[in-house]
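**Q** One file: my_file37.cif (mmCIF, C-alpha atoms).
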```cif
data_my_file
loop_
_atom_site.label_atom_id
_atom_site.label_comp_id
_atom_site.auth_asym_id
_atom_site.auth_seq_id
_atom_site.Cartn_x
_atom_site.Cartn_y
_atom_site.Cartn_z
CA MET A 29 -13.91 6.05 -2.65
CA ARG A 30 -12.05 6.26 0.63
CA ALA A 31 -8.34 5.42 0.67
CA ALA A 32 -5.63 5.59 3.28
CA VAL A 33 -1.87 6.03 3.27
CA VAL A 34 0.27 4.62 6.07
CA THR A 35 3.81 5.94 6.28
CA VAL A 36 6.01 3.50 8.17
CA SER A 37 9.08 5.33 9.43
CA ASP A 38 10.77 5.81 12.77
CA GLY A 39 12.27 9.11 11.59
CA VAL A 40 9.00 10.57 10.31
CA ALA A 41 7.09 9.37 13.39
CA ALA A 42 9.68 11.09 15.61
CA GLY A 43 9.47 14.31 13.61
CA GLU A 44 13.09 14.00 12.47
CA ARG A 45 12.34 13.63 8.74
CA ASP A 46 9.80 14.95 6.27
CA ASP A 47 7.24 12.48 4.97
CA GLU A 48 7.97 12.89 1.28
CA SER A 49 6.66 9.48 0.19
CA GLY A 50 3.45 9.58 2.21
CA THR A 51 2.69 13.13 1.12
CA LEU A 52 3.28 12.16 -2.51
CA LEU A 53 0.91 9.16 -2.26
CA VAL A 54 -1.79 11.35 -0.71
CA GLU A 55 -1.42 13.80 -3.62
CA LEU A 56 -1.52 11.02 -6.22
CA LEU A 57 -4.64 9.48 -4.69
CA GLU A 58 -6.40 12.82 -4.33
CA ALA A 59 -5.66 13.55 -8.01
CA GLU A 60 -7.61 10.35 -8.76
CA LYS A 61 -10.53 11.65 -6.63
CA TYR A 62 -9.96 9.43 -3.59
CA ASP A 63 -10.90 10.77 -0.15
CA VAL A 64 -7.62 10.09 1.68
CA GLU A 65 -6.68 9.61 5.33
CA HIS A 66 -2.96 9.70 6.12
CA ARG A 67 -1.31 8.12 9.13
CA VAL A 68 2.33 7.84 10.26
CA VAL A 69 3.53 4.96 12.43
CA PRO A 70 7.00 3.91 13.59
CA ASP A 71 8.65 0.73 12.30
CA GLU A 72 6.96 -1.45 14.91
CA ARG A 73 5.04 -4.52 13.78
CA PRO A 74 2.14 -4.16 16.28
CA ARG A 75 1.66 -0.46 15.45
CA ILE A 76 1.69 -1.13 11.70
CA ALA A 77 -0.79 -4.01 12.01
CA ALA A 78 -3.09 -1.95 14.25
CA ALA A 79 -3.14 0.92 11.74
CA LEU A 80 -3.95 -1.48 8.89
CA ARG A 81 -6.75 -3.14 10.87
CA GLU A 82 -8.28 0.19 11.81
CA LEU A 83 -8.01 1.85 8.40
CA SER A 84 -9.36 -1.21 6.58
CA GLN A 85 -12.67 -0.69 8.41
CA SER A 86 -13.36 2.50 6.46
CA ALA A 87 -11.07 2.57 3.40
CA GLY A 88 -11.36 0.42 0.29
CA LEU A 89 -7.67 0.92 -0.50
CA VAL A 90 -4.72 1.23 1.88
CA LEU A 91 -1.26 2.00 0.54
CA THR A 92 1.76 1.73 2.80
CA THR A 93 5.12 3.34 2.20
CA GLY A 94 8.30 2.26 3.93
CA GLY A 95 9.55 -0.73 5.86
CA THR A 96 9.63 -3.17 2.94
CA GLY A 97 13.38 -3.68 2.63
CA VAL A 98 15.88 -5.80 4.50
CA SER A 99 17.03 -3.49 7.28
CA PRO A 100 16.61 -4.73 10.85
CA ARG A 101 13.62 -2.37 11.40
CA ASP A 102 11.71 -3.26 8.19
CA PHE A 103 8.55 -5.07 9.37
CA THR A 104 5.84 -3.79 7.03
CA PRO A 105 5.42 -7.08 5.08
CA GLU A 106 5.18 -9.14 8.26
CA ALA A 107 2.68 -6.74 9.82
CA THR A 108 0.67 -6.71 6.61
CA GLU A 109 0.68 -10.50 6.33
CA SER A 110 -0.66 -10.75 9.87
CA VAL A 111 -3.84 -8.81 8.96
CA LEU A 112 -4.56 -10.16 5.46
CA ASP A 113 -7.37 -12.59 4.67
CA ARG A 114 -5.99 -13.34 1.19
CA THR A 115 -2.92 -12.34 -0.76
CA VAL A 116 -2.87 -10.79 -4.23
CA PRO A 117 0.62 -11.84 -5.28
CA GLY A 118 0.39 -10.48 -8.83
CA ILE A 119 0.48 -6.91 -7.55
CA ALA A 120 3.56 -7.45 -5.41
CA GLU A 121 5.28 -9.43 -8.18
CA ALA A 122 4.59 -6.67 -10.73
CA LEU A 123 5.84 -3.97 -8.35
CA ARG A 124 9.07 -5.90 -7.73
CA ALA A 125 9.62 -6.64 -11.42
CA ASP A 126 9.16 -2.96 -12.27
CA ALA A 127 11.48 -1.90 -9.44
CA ILE A 128 14.17 -4.34 -10.58
CA ARG A 129 14.05 -2.78 -14.06
CA GLN A 130 14.69 0.63 -12.45
CA THR A 131 17.42 -0.31 -9.95
CA PRO A 132 19.21 -3.42 -8.69
CA HIS A 133 17.97 -2.42 -5.22
CA GLY A 134 14.53 -3.54 -6.39
CA LEU A 135 15.71 -7.08 -5.65
CA LEU A 136 15.54 -6.25 -1.95
CA GLY A 137 11.85 -5.33 -1.95
CA ARG A 138 9.65 -7.58 0.18
CA GLY A 139 6.33 -5.76 -0.12
CA LEU A 140 3.03 -7.63 -0.16
CA ALA A 141 -0.46 -6.98 -1.47
CA GLY A 142 -3.69 -8.54 -0.36
CA LEU A 143 -7.19 -8.26 0.97
CA ARG A 144 -8.54 -7.64 4.42
CA GLY A 145 -12.29 -7.89 4.14
CA GLN A 146 -13.22 -5.55 1.30
CA THR A 147 -10.00 -3.53 1.49
CA LEU A 148 -7.02 -3.85 -0.84
CA ILE A 149 -3.74 -3.28 1.00
CA VAL A 150 -0.57 -2.67 -1.02
CA ASN A 151 2.95 -2.19 0.35
CA LEU A 152 5.04 0.33 -1.59
CA PRO A 153 8.69 1.25 -1.07
CA GLY A 154 9.76 4.10 1.18
CA SER A 155 11.25 6.29 -1.54
CA PRO A 156 9.23 8.95 -3.38
CA GLY A 157 10.37 7.54 -6.72
CA GLY A 158 9.39 4.00 -5.75
CA CYS A 159 5.98 5.22 -4.58
CA ARG A 160 5.38 7.26 -7.71
CA ASP A 161 6.42 4.42 -10.02
CA GLY A 162 4.52 1.82 -8.02
CA PHE A 163 1.35 3.86 -7.95
CA GLU A 164 1.52 4.52 -11.68
CA LEU A 165 1.93 0.79 -12.27
CA ILE A 166 -1.12 -0.27 -10.23
CA LYS A 167 -3.34 2.74 -11.00
CA PRO A 168 -4.91 1.33 -14.20
CA ALA A 169 -6.01 -1.85 -12.39
CA LEU A 170 -7.35 -0.19 -9.24
CA PRO A 171 -10.89 0.72 -10.37
CA HIS A 172 -11.61 -2.80 -11.63
CA ALA A 173 -9.96 -4.43 -8.61
CA LEU A 174 -11.92 -2.30 -6.15
CA GLU A 175 -15.19 -3.04 -7.98
CA LEU A 176 -14.49 -6.77 -7.80
CA ILE A 177 -13.54 -6.62 -4.13
CA ALA A 178 -16.75 -4.72 -3.35
CA GLY A 179 -18.76 -7.41 -5.16
CA ASP A 180 -19.97 -5.06 -7.88
CA GLN A 181 -21.07 -6.47 -11.23
CA THR A 182 -18.33 -6.13 -13.83
CA GLU A 183 -18.19 -6.74 -17.56
CA HIS A 184 -16.74 -10.24 -17.31
CA GLN A 185 -19.23 -11.49 -14.72
CA GLN A 186 -22.21 -13.34 -16.13
CA THR A 187 -25.63 -12.99 -14.53
#
```
Starting from the file, give its structure as structure tokens.

**A**
Amino acid sequence: MRAAVVTVSDGVAAGERDDESGTLLVELLEAEKYDVEHRVVPDERPRIAAALRELSQSAGLVLTTGGTGVSPRDFTPEATESVLDRTVPGIAEALRADAIRQTPHGLLGRGLAGLRGQTLIVNLPGSPGGCRDGFELIKPALPHALELIAGDQTEHQQT
């Protein structure tokens, strides 16, 4: 299965900071046998949306990291919303609930999850810990979700 990671960060895009969160997500996905493409974009809504549109043409799963908070340059949820066909609110709700249990800063998370065509897009926080925890939370549901999105027969579907 093809997956993609989009790091949303002005500092990483400018070469001023290391991409710890994006690199971690690539490693976590590769450990699960995903073929991963990694892209870095600045905190600019049109650039984020363009990356999501392009990557969703070839990847069944796109994870973003960064830009989900309340700072003036955090536009990842808005850019994501602009490209989604349908939302999957349970994923975003679960990620927020888990983050709130870890830190009060979890209350500030605005990440979304949803579908663009046959691609699941999930916004994760910009911190390595938030990415690691978020990925571990959604990992058990990913195979089933991706099968359903692709239209594959699953155990609960009747023929």

**Q** Care to translate the PyMOL selection byres ((chain A and resi 122) around 12) into actual residues of this file, as a list of chain:residue names?

**A**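 Output of the PyMOL selection byres ((chain A and resi 122) around 12): A:Val116, A:Pro117, A:Gly118, A:Ile119, A:Ala120, A:Glu121, A:Leu123, A:Arg124, A:Ala125, A:Asp126, A:Ala127, A:Ile128, A:Arg129, A:Gly134, A:Gly137, A:Gly139, A:Leu140, A:Ala141, A:Val150, A:Leu152, A:Asp161, A:Gly162, A:Phe163, A:Glu164, A:Leu165, A:Ile166, A:Ala169.
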
**Q** Please compute the CA of Ser49 in chain A-CA of Leu91 in chain A distance, one decimal, in Å.

**A**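 For CA of Ser49 in chain A relative to CA of Leu91 in chain A, the distance reads 10.9 Å.
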
**Q** Which distance in Å separates CA of Phe103 in chain A and CA of Ile149 in chain A, to one decimal?

**A**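 Distance reported for this atom pair: 15.0 Å.
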
**Q** Please provide the set of residues having any atom within 9 Å of Ser86 in chain A, restricted to only C-alpha atoms, with same-chain residues fewer than 4 positions apart removed, written as a list of chain:residue names.

**A**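 In the requested form, the answer reads A:Arg30, A:Ala31, A:Ala32, A:Glu82, A:Thr147.
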
**Q** Rounded to one decimal place, report the CA of Gly145 in chain A-CA of Ser84 in chain A distance in Å.

**A**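 Spanning CA of Gly145 in chain A to CA of Ser84 in chain A is a straight-line distance of 7.7 Å.
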